[in-house]
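Text of my_file_34.cif, listed as mmCIF, C-alpha atoms and all ligand atoms:
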data_query
#
loop_
_atom_site.label_atom_id
_atom_site.label_comp_id
_atom_site.auth_asym_id
_atom_site.auth_seq_id
_atom_site.Cartn_x
_atom_site.Cartn_y
_atom_site.Cartn_z
CA MET T 95 105.67 78.51 89.29
CA ASP T 96 103.22 81.36 88.95
CA PRO T 97 104.26 83.88 91.60
CA ILE T 98 101.57 86.19 92.90
CA LEU T 99 104.31 88.20 94.60
CA SER T 100 107.91 88.72 93.55
CA ALA T 101 110.22 90.75 95.71
CA ARG T 102 113.52 91.73 94.12
CA ASN T 103 116.50 93.02 96.12
CA ILE T 104 114.42 94.56 98.85
CA ARG T 105 116.45 96.77 101.15
CA LYS T 106 115.25 98.66 104.14
CA ARG T 107 117.33 100.85 106.44
CA TYR T 108 116.38 102.19 109.81
CA GLY T 109 118.83 105.08 110.03
CA ALA T 110 122.26 103.54 109.52
CA PHE T 111 121.04 100.02 110.29
CA LEU T 112 120.33 97.77 107.32
CA ALA T 113 117.34 95.66 108.43
CA LEU T 114 116.74 94.00 105.03
CA LYS T 115 119.74 93.18 102.84
CA ASP T 116 118.63 92.52 99.27
CA VAL T 117 115.79 90.16 100.02
CA THR T 118 114.61 88.34 96.91
CA PHE T 119 111.56 86.19 97.29
CA ASP T 120 108.87 84.56 95.13
CA LEU T 121 105.52 83.55 96.51
CA PRO T 122 103.48 81.14 94.35
CA ARG T 123 99.78 81.87 93.96
CA GLY T 124 97.61 79.91 96.37
CA GLU T 125 100.46 78.95 98.70
CA ARG T 126 100.47 79.14 102.49
CA HIS T 127 103.96 80.41 103.24
CA ALA T 128 105.56 80.99 106.64
CA LEU T 129 108.37 83.43 107.43
CA ILE T 130 110.42 82.27 110.36
CA GLY T 131 113.75 83.20 111.92
CA PRO T 132 115.31 84.53 115.09
CA ASN T 133 114.27 87.81 116.68
CA GLY T 134 115.43 90.78 114.64
CA ALA T 135 115.77 88.73 111.42
CA GLY T 136 113.61 91.23 109.53
CA LYS T 137 110.38 89.24 109.20
CA SER T 138 108.04 92.00 110.39
CA THR T 139 109.97 94.55 108.36
CA PHE T 140 109.53 92.45 105.22
CA ILE T 141 105.77 92.03 105.83
CA ALA T 142 105.49 95.80 106.39
CA CYS T 143 107.36 96.40 103.11
CA VAL T 144 104.90 94.21 101.21
CA ALA T 145 101.99 96.02 102.86
CA GLY T 146 103.45 99.39 101.85
CA GLN T 147 103.79 100.62 105.40
CA LEU T 148 107.42 101.68 105.41
CA PRO T 149 109.06 104.68 103.75
CA GLY T 150 112.30 104.45 101.81
CA VAL T 151 112.11 100.82 100.74
CA GLU T 152 114.60 100.01 97.97
CA GLY T 153 114.22 97.25 95.38
CA LYS T 154 111.22 96.12 93.42
CA MET T 155 107.95 94.54 94.46
CA ILE T 156 105.77 92.90 91.78
CA PHE T 157 102.23 91.78 92.61
CA ARG T 158 100.15 89.92 90.01
CA GLY T 159 102.53 91.09 87.32
CA GLU T 160 102.31 94.74 88.28
CA ASP T 161 104.99 96.91 89.84
CA ILE T 162 103.61 97.92 93.22
CA THR T 163 106.81 99.36 94.67
CA ALA T 164 106.10 102.43 96.80
CA LEU T 165 102.32 102.24 96.58
CA THR T 166 100.36 103.28 99.67
CA PRO T 167 98.65 100.72 101.93
CA ALA T 168 95.25 101.94 100.70
CA SER T 169 96.07 101.35 97.03
CA LEU T 170 97.68 98.00 97.85
CA ALA T 171 94.48 96.98 99.65
CA LYS T 172 92.51 97.86 96.50
CA LYS T 173 94.89 95.71 94.46
CA GLY T 174 94.28 92.73 96.74
CA ILE T 175 96.88 92.81 99.50
CA GLY T 176 95.28 92.57 102.93
CA ARG T 177 96.63 92.38 106.43
CA THR T 178 95.22 92.22 109.91
CA PHE T 179 95.22 95.23 112.20
CA GLN T 180 94.83 95.35 115.92
CA ILE T 181 91.42 96.79 116.70
CA SER T 182 92.07 100.31 117.94
CA ARG T 183 91.04 101.32 121.43
CA ALA T 184 88.17 103.48 120.32
CA PHE T 185 86.53 100.46 118.69
CA LEU T 186 86.84 98.16 121.68
CA GLN T 187 83.66 99.58 123.19
CA MET T 188 81.75 98.80 120.01
CA THR T 189 80.22 95.43 119.28
CA VAL T 190 81.66 92.65 117.19
CA MET T 191 79.02 93.34 114.54
CA GLU T 192 79.76 97.07 114.46
CA ASN T 193 83.45 96.39 113.96
CA ILE T 194 82.96 93.90 111.17
CA MET T 195 80.41 96.19 109.51
CA ALA T 196 82.94 99.03 109.64
CA ALA T 197 85.47 96.77 107.88
CA VAL T 198 82.91 95.76 105.25
CA VAL T 199 81.87 99.37 104.60
CA ILE T 200 85.49 100.52 104.32
CA ALA T 201 86.30 97.63 101.98
CA SER T 202 83.29 98.48 99.81
CA GLY T 203 84.71 101.98 99.32
CA ARG T 204 81.21 103.46 99.68
CA TRP T 205 80.96 105.24 103.00
CA THR T 206 78.01 107.48 102.57
CA SER T 207 75.47 105.62 100.51
CA LEU T 208 72.05 105.50 102.12
CA SER T 209 70.84 102.86 99.72
CA ARG T 210 69.00 100.17 101.64
CA GLY T 211 70.06 97.51 99.18
CA LEU T 212 73.71 98.27 99.85
CA TYR T 213 73.12 98.25 103.60
CA ARG T 214 71.45 94.85 103.35
CA ASP T 215 74.30 93.50 101.21
CA ASN T 216 76.86 94.78 103.70
CA LEU T 217 74.95 93.30 106.61
CA GLU T 218 74.74 89.94 104.87
CA LYS T 219 78.43 90.02 104.09
CA ALA T 220 79.23 90.96 107.70
CA PHE T 221 77.14 88.04 109.00
CA GLY T 222 78.84 85.70 106.54
CA LEU T 223 82.26 86.80 107.75
CA LEU T 224 81.24 86.31 111.39
CA GLU T 225 80.11 82.80 110.49
CA THR T 226 83.43 82.14 108.77
CA VAL T 227 85.38 83.10 111.90
CA LYS T 228 82.84 81.40 114.19
CA LEU T 229 81.77 84.57 115.96
CA ASP T 230 78.17 84.77 114.75
CA ASP T 231 76.93 83.98 118.25
CA ARG T 232 79.02 86.87 119.67
CA ALA T 233 77.76 89.53 117.24
CA ALA T 234 76.28 91.68 120.00
CA ALA T 235 79.22 91.35 122.40
CA ARG T 236 81.52 94.31 123.04
CA VAL T 237 84.96 93.66 121.59
CA ALA T 238 86.48 94.62 124.96
CA ASP T 239 84.73 91.60 126.49
CA LEU T 240 86.09 89.06 124.01
CA SER T 241 88.85 86.59 124.82
CA LEU T 242 92.14 87.13 123.00
CA GLY T 243 91.40 84.17 120.71
CA ASP T 244 87.98 85.58 119.79
CA ARG T 245 89.44 89.02 119.19
CA LYS T 246 92.15 87.62 116.90
CA ARG T 247 89.50 85.75 114.93
CA LEU T 248 87.53 88.97 114.60
CA GLU T 249 90.64 90.75 113.28
CA PHE T 250 91.07 87.93 110.77
CA GLY T 251 87.41 88.29 109.73
CA MET T 252 87.88 92.04 109.31
CA ALA T 253 90.93 91.44 107.10
CA LEU T 254 88.78 89.17 104.91
CA ALA T 255 86.25 91.96 104.31
CA GLY T 256 88.25 93.21 101.34
CA ASP T 257 88.53 89.67 99.96
CA PRO T 258 92.33 89.94 99.62
CA GLU T 259 94.18 87.79 97.09
CA LEU T 260 97.20 87.88 99.38
CA LEU T 261 96.73 87.93 103.12
CA LEU T 262 99.61 89.01 105.35
CA LEU T 263 99.62 87.95 108.99
CA ASP T 264 102.37 89.13 111.31
CA GLU T 265 102.49 86.88 114.36
CA PRO T 266 98.74 86.23 114.36
CA THR T 267 98.95 83.83 117.30
CA ALA T 268 101.12 85.93 119.63
CA GLY T 269 99.98 85.63 123.23
CA MET T 270 97.49 82.85 122.54
CA SER T 271 97.30 79.42 124.14
CA ILE T 272 98.53 76.46 122.11
CA LYS T 273 94.98 75.30 121.51
CA GLU T 274 93.80 78.75 120.38
CA ARG T 275 96.81 79.09 118.05
CA HIS T 276 96.00 75.89 116.23
CA TYR T 277 92.29 76.70 116.12
CA LEU T 278 92.91 80.12 114.55
CA MET T 279 95.52 78.95 112.06
CA GLU T 280 93.54 75.90 110.96
CA MET T 281 90.63 78.23 110.34
CA VAL T 282 92.88 80.55 108.31
CA ALA T 283 94.32 77.61 106.33
CA THR T 284 90.87 76.23 105.55
CA ARG T 285 89.68 79.61 104.34
CA MET T 286 92.74 80.02 102.10
CA GLU T 287 92.30 76.51 100.74
CA GLU T 288 88.61 77.00 99.99
CA THR T 289 89.05 80.37 98.32
CA GLY T 290 92.38 79.72 96.58
CA LYS T 291 93.98 82.79 98.16
CA THR T 292 97.61 83.19 99.15
CA LEU T 293 98.88 83.49 102.72
CA LEU T 294 102.17 84.90 103.98
CA PHE T 295 102.56 84.71 107.74
CA VAL T 296 105.17 85.27 110.42
CA GLU T 297 104.97 82.66 113.14
CA HIS T 298 107.19 81.75 116.09
CA ASP T 299 105.38 78.52 116.98
CA ILE T 300 107.20 75.89 114.94
CA ASP T 301 104.44 73.31 115.43
CA VAL T 302 101.95 75.72 113.87
CA VAL T 303 104.37 76.43 111.00
CA MET T 304 104.88 72.72 110.33
CA LYS T 305 101.16 72.09 110.23
CA ILE T 306 99.93 75.13 108.32
CA ALA T 307 102.69 76.17 105.89
CA GLN T 308 103.26 74.48 102.54
CA ARG T 309 106.63 76.19 102.26
CA VAL T 310 108.79 78.12 104.66
CA THR T 311 111.33 80.92 104.29
CA VAL T 312 113.92 81.20 107.03
CA MET T 313 115.36 84.67 107.53
CA ALA T 314 118.37 85.62 109.57
CA ARG T 315 120.07 89.01 110.00
CA GLY T 316 118.05 90.71 107.29
CA ALA T 317 118.56 88.06 104.60
CA VAL T 318 116.89 84.91 103.32
CA LEU T 319 118.79 81.91 104.61
CA VAL T 320 116.83 79.07 103.05
CA VAL T 321 113.46 78.29 101.48
CA GLY T 322 111.82 74.86 101.50
CA THR T 323 109.03 72.61 102.60
CA PRO T 324 108.50 72.28 106.36
CA ALA T 325 110.24 68.88 106.27
CA GLU T 326 113.23 70.28 104.36
CA ILE T 327 113.50 73.19 106.77
CA ALA T 328 113.33 70.91 109.81
CA ALA T 329 116.14 68.78 108.38
CA ASN T 330 118.36 71.72 107.38
CA GLU T 331 121.54 71.91 109.43
CA GLU T 332 122.01 75.65 109.06
CA VAL T 333 118.50 76.21 110.36
CA GLN T 334 119.06 73.82 113.22
CA ALA T 335 122.26 75.65 114.10
CA ILE T 336 120.44 78.99 114.28
CA TYR T 337 117.65 77.67 116.43
CA LEU T 338 119.81 75.53 118.67
CA GLY T 339 122.48 78.20 118.82
CA GLY T 340 120.38 80.22 121.24
CA HIS T 341 120.09 83.30 119.05
CA HIS T 342 116.33 83.48 119.20
N1 LIG U 1 111.39 101.38 113.59
C1 LIG U 1 112.59 100.85 113.75
N2 LIG U 1 113.67 101.62 113.98
C2 LIG U 1 114.90 101.10 114.12
N3 LIG U 1 115.18 99.78 114.05
C3 LIG U 1 114.14 98.96 113.84
C4 LIG U 1 112.80 99.44 113.68
N4 LIG U 1 111.99 98.38 113.47
C5 LIG U 1 112.78 97.29 113.50
N5 LIG U 1 114.07 97.64 113.72
C6 LIG U 1 115.21 96.72 113.78
O1 LIG U 1 115.27 96.00 112.55
C7 LIG U 1 115.60 94.63 112.79
C8 LIG U 1 114.51 93.74 112.20
O2 LIG U 1 113.31 93.91 112.95
P1 LIG U 1 112.00 93.09 112.65
O3 LIG U 1 110.98 93.51 113.65
O4 LIG U 1 111.65 93.20 111.23
O5 LIG U 1 112.50 91.61 112.97
P2 LIG U 1 111.63 90.31 113.18
O6 LIG U 1 112.32 89.22 112.46
O7 LIG U 1 110.21 90.55 112.87
O8 LIG U 1 111.82 90.08 114.74
P3 LIG U 1 110.80 89.52 115.86
O9 LIG U 1 110.71 88.06 115.64
O10 LIG U 1 111.52 89.87 117.12
O11 LIG U 1 109.51 90.26 115.68
C9 LIG U 1 115.77 94.50 114.29
O12 LIG U 1 117.14 94.58 114.58
C10 LIG U 1 115.03 95.68 114.86
O13 LIG U 1 115.62 96.11 116.07
#
What would you get if you wrote out this structure as structure tokens?
Amino acid sequence: MDPILSARNIRKRYGAFLALKDVTFDLPRGERHALIGPNGAGKSTFIACVAGQLPGVEGKMIFRGEDITALTPASLAKKGIGRTFQISRAFLQMTVMENIMAAVVIASGRWTSLSRGLYRDNLEKAFGLLETVKLDDRAAARVADLSLGDRKRLEFGMALAGDPELLLLDEPTAGMSIKERHYLMEMVATRMEETGKTLLFVEHDIDVVMKIAQRVTVMARGAVLVVGTPAEIAANEEVQAIYLGGHH
């Protein structure tokens, strides 16, 4: 296995509460990997640790052979770790195109260039991303007027602007209809497949997990319980006990 990400003994405390208890985890390059587990298992905390968003994380995080422990989200983005962000309120009144352009410009790292060539390149890239997430026909719409499914696809497109090697998605389908969930996640899976990138996602919809993930990590109470293929996970008695035990 050629891991793109190796987490070693990751610990995270919130005050006196230990939310992650020595999580050790290897993510092979090019894999679509789901993190599942009951509420409070530590899934979002782990994703936030990988994205560099939490202070005081203990342990070691290696990305593409390099120690990235304690790097800031901005430097992690430059190194190829991307995640989606909810579009902030101020940007909801702007159009789909303006939002995706902002993501492209930020990802390019060149805010102030007036070069027309660069502007044209950015515009082309922005259009390409809108095509990828099937929003090219909504380019002029205000984000506030989009359906939830459309907005989530836009957020996915914006996360792709930096062309991340590893994409982190924390409950990307929350609040969506079953049909929208599958539509979004099939789109994400296709994109990952075509570009050879790696995906780590937290997902509560087990049907989506079974369809999209190549391997699954089950977390419970801040620790990794079991790792396996979707079929192995579905057949695992410990996992069944957690889910049927009413703890989620
Ligand atoms: N900022 C915080 N301060 C204190 N405790 C926190 C904080 N964030 C999370 N926790 C606690 O840490 C534990 C893990 O939370 P986390 O959100 O990572 O779990 P999760 O597996 O993503 O759960 P869910 O499926 O409900 O989103 C929970 O017990 C939660 O209450």
Give me the chain T side of the contact with ligand LIG 1 (chain U), cut-off 12 Å, one line per residue showing its nearest atom pair and distance in Å at one decimal, counting all atoms listed in the file, sorted by chain and residue number, as a tab-separated table.
residue	atom	partner	partner_atom	distance
T:Arg105	CA	U:LIG1	O1	11.5
T:Lys106	CA	U:LIG1	O1	8.8
T:Arg107	CA	U:LIG1	N3	8.0
T:Tyr108	CA	U:LIG1	C2	4.7
T:Gly109	CA	U:LIG1	C2	6.9
T:Ala110	CA	U:LIG1	C2	9.0
T:Phe111	CA	U:LIG1	N3	7.0
T:Leu112	CA	U:LIG1	O1	7.5
T:Ala113	CA	U:LIG1	O1	4.6
T:Leu114	CA	U:LIG1	C8	7.5
T:Lys115	CA	U:LIG1	C8	10.7
T:Leu129	CA	U:LIG1	O6	8.6
T:Ile130	CA	U:LIG1	O6	7.5
T:Gly131	CA	U:LIG1	O6	6.2
T:Pro132	CA	U:LIG1	O9	5.8
T:Asn133	CA	U:LIG1	O10	3.5
T:Gly134	CA	U:LIG1	O5	3.5
T:Ala135	CA	U:LIG1	O6	3.6
T:Gly136	CA	U:LIG1	O4	3.3
T:Lys137	CA	U:LIG1	O6	3.8
T:Ser138	CA	U:LIG1	O7	3.6
T:Thr139	CA	U:LIG1	O4	3.6
T:Phe140	CA	U:LIG1	O4	6.4
T:Ile141	CA	U:LIG1	O4	8.1
T:Ala142	CA	U:LIG1	O4	8.3
T:Cys143	CA	U:LIG1	O4	9.7
T:Gln147	CA	U:LIG1	N1	11.2
T:Leu148	CA	U:LIG1	N1	9.1
T:Pro149	CA	U:LIG1	N1	10.6
T:Leu263	CA	U:LIG1	O7	11.6
T:Asp264	CA	U:LIG1	O7	8.1
T:Glu265	CA	U:LIG1	O11	7.9
T:Pro266	CA	U:LIG1	O11	11.6
T:Ala268	CA	U:LIG1	O11	10.2
T:Phe295	CA	U:LIG1	O7	10.9
T:Val296	CA	U:LIG1	O7	7.7
T:Glu297	CA	U:LIG1	O9	8.3
T:His298	CA	U:LIG1	O9	7.2
T:Asp299	CA	U:LIG1	O9	11.0
T:Thr311	CA	U:LIG1	O6	11.7
T:Val312	CA	U:LIG1	O6	9.8
T:Met313	CA	U:LIG1	O6	7.4
T:Ala314	CA	U:LIG1	O6	7.6
T:Arg315	CA	U:LIG1	C8	7.6
T:Gly316	CA	U:LIG1	C8	6.8
T:Ala317	CA	U:LIG1	O6	10.1
T:Val318	CA	U:LIG1	O6	11.1
T:His341	CA	U:LIG1	O10	11.0
T:His342	CA	U:LIG1	O9	8.1
**OP:** Within 7 Å of T:Asp96, counting all atoms listed in the file, which residues show up once you throw out same-chain ones fewer than 2 positions away? Write them as a VMD selection string, please.
**Re:** chain T and resid 98 122 to 123
Could you write out as JSON the box around stretch 105-117 of chain T (axis-aligned, all atoms listed in the file, 3 Å on each side), with centre and edge lengths in Å to one decimal?
{"center_x": 118.8, "center_y": 97.6, "center_z": 104.8, "size_x": 13.0, "size_y": 20.9, "size_z": 17.0}
**OP:** Identify which of the residues T:Leu262, T:Leu242, T:Ile194, T:Val151 lies closest to T:Asp230, counting only C-alpha atoms when measuring atom-to-atom distances.
**Re:** T:Ile194
**OP:** Counting only C-alpha atoms, figure out which residue out of T:Leu217, T:Val190, T:Ile104, T:Ala196 gets nearest to T:Leu229.
**Re:** T:Val190
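Taking only C-alpha atoms into account, T:Leu223 lies nearest to T:Arg285 out of the set T:Glu280, T:Asn103, T:Arg285, T:Met188.
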Subject >> Residue contacts of T:Asp257 (9 Å, all atoms listed in the file) excluding same-chain residues fewer than 6 positions away, as an MDAnalysis selection string >> reply: chainID T and resid 174:176 201 291
Original post:
Counting all atoms listed in the file, which of T:Gly269, T:Val227, T:Leu294, T:Ala234 gets nearest to T:Ala145?
Top reply: T:Leu294
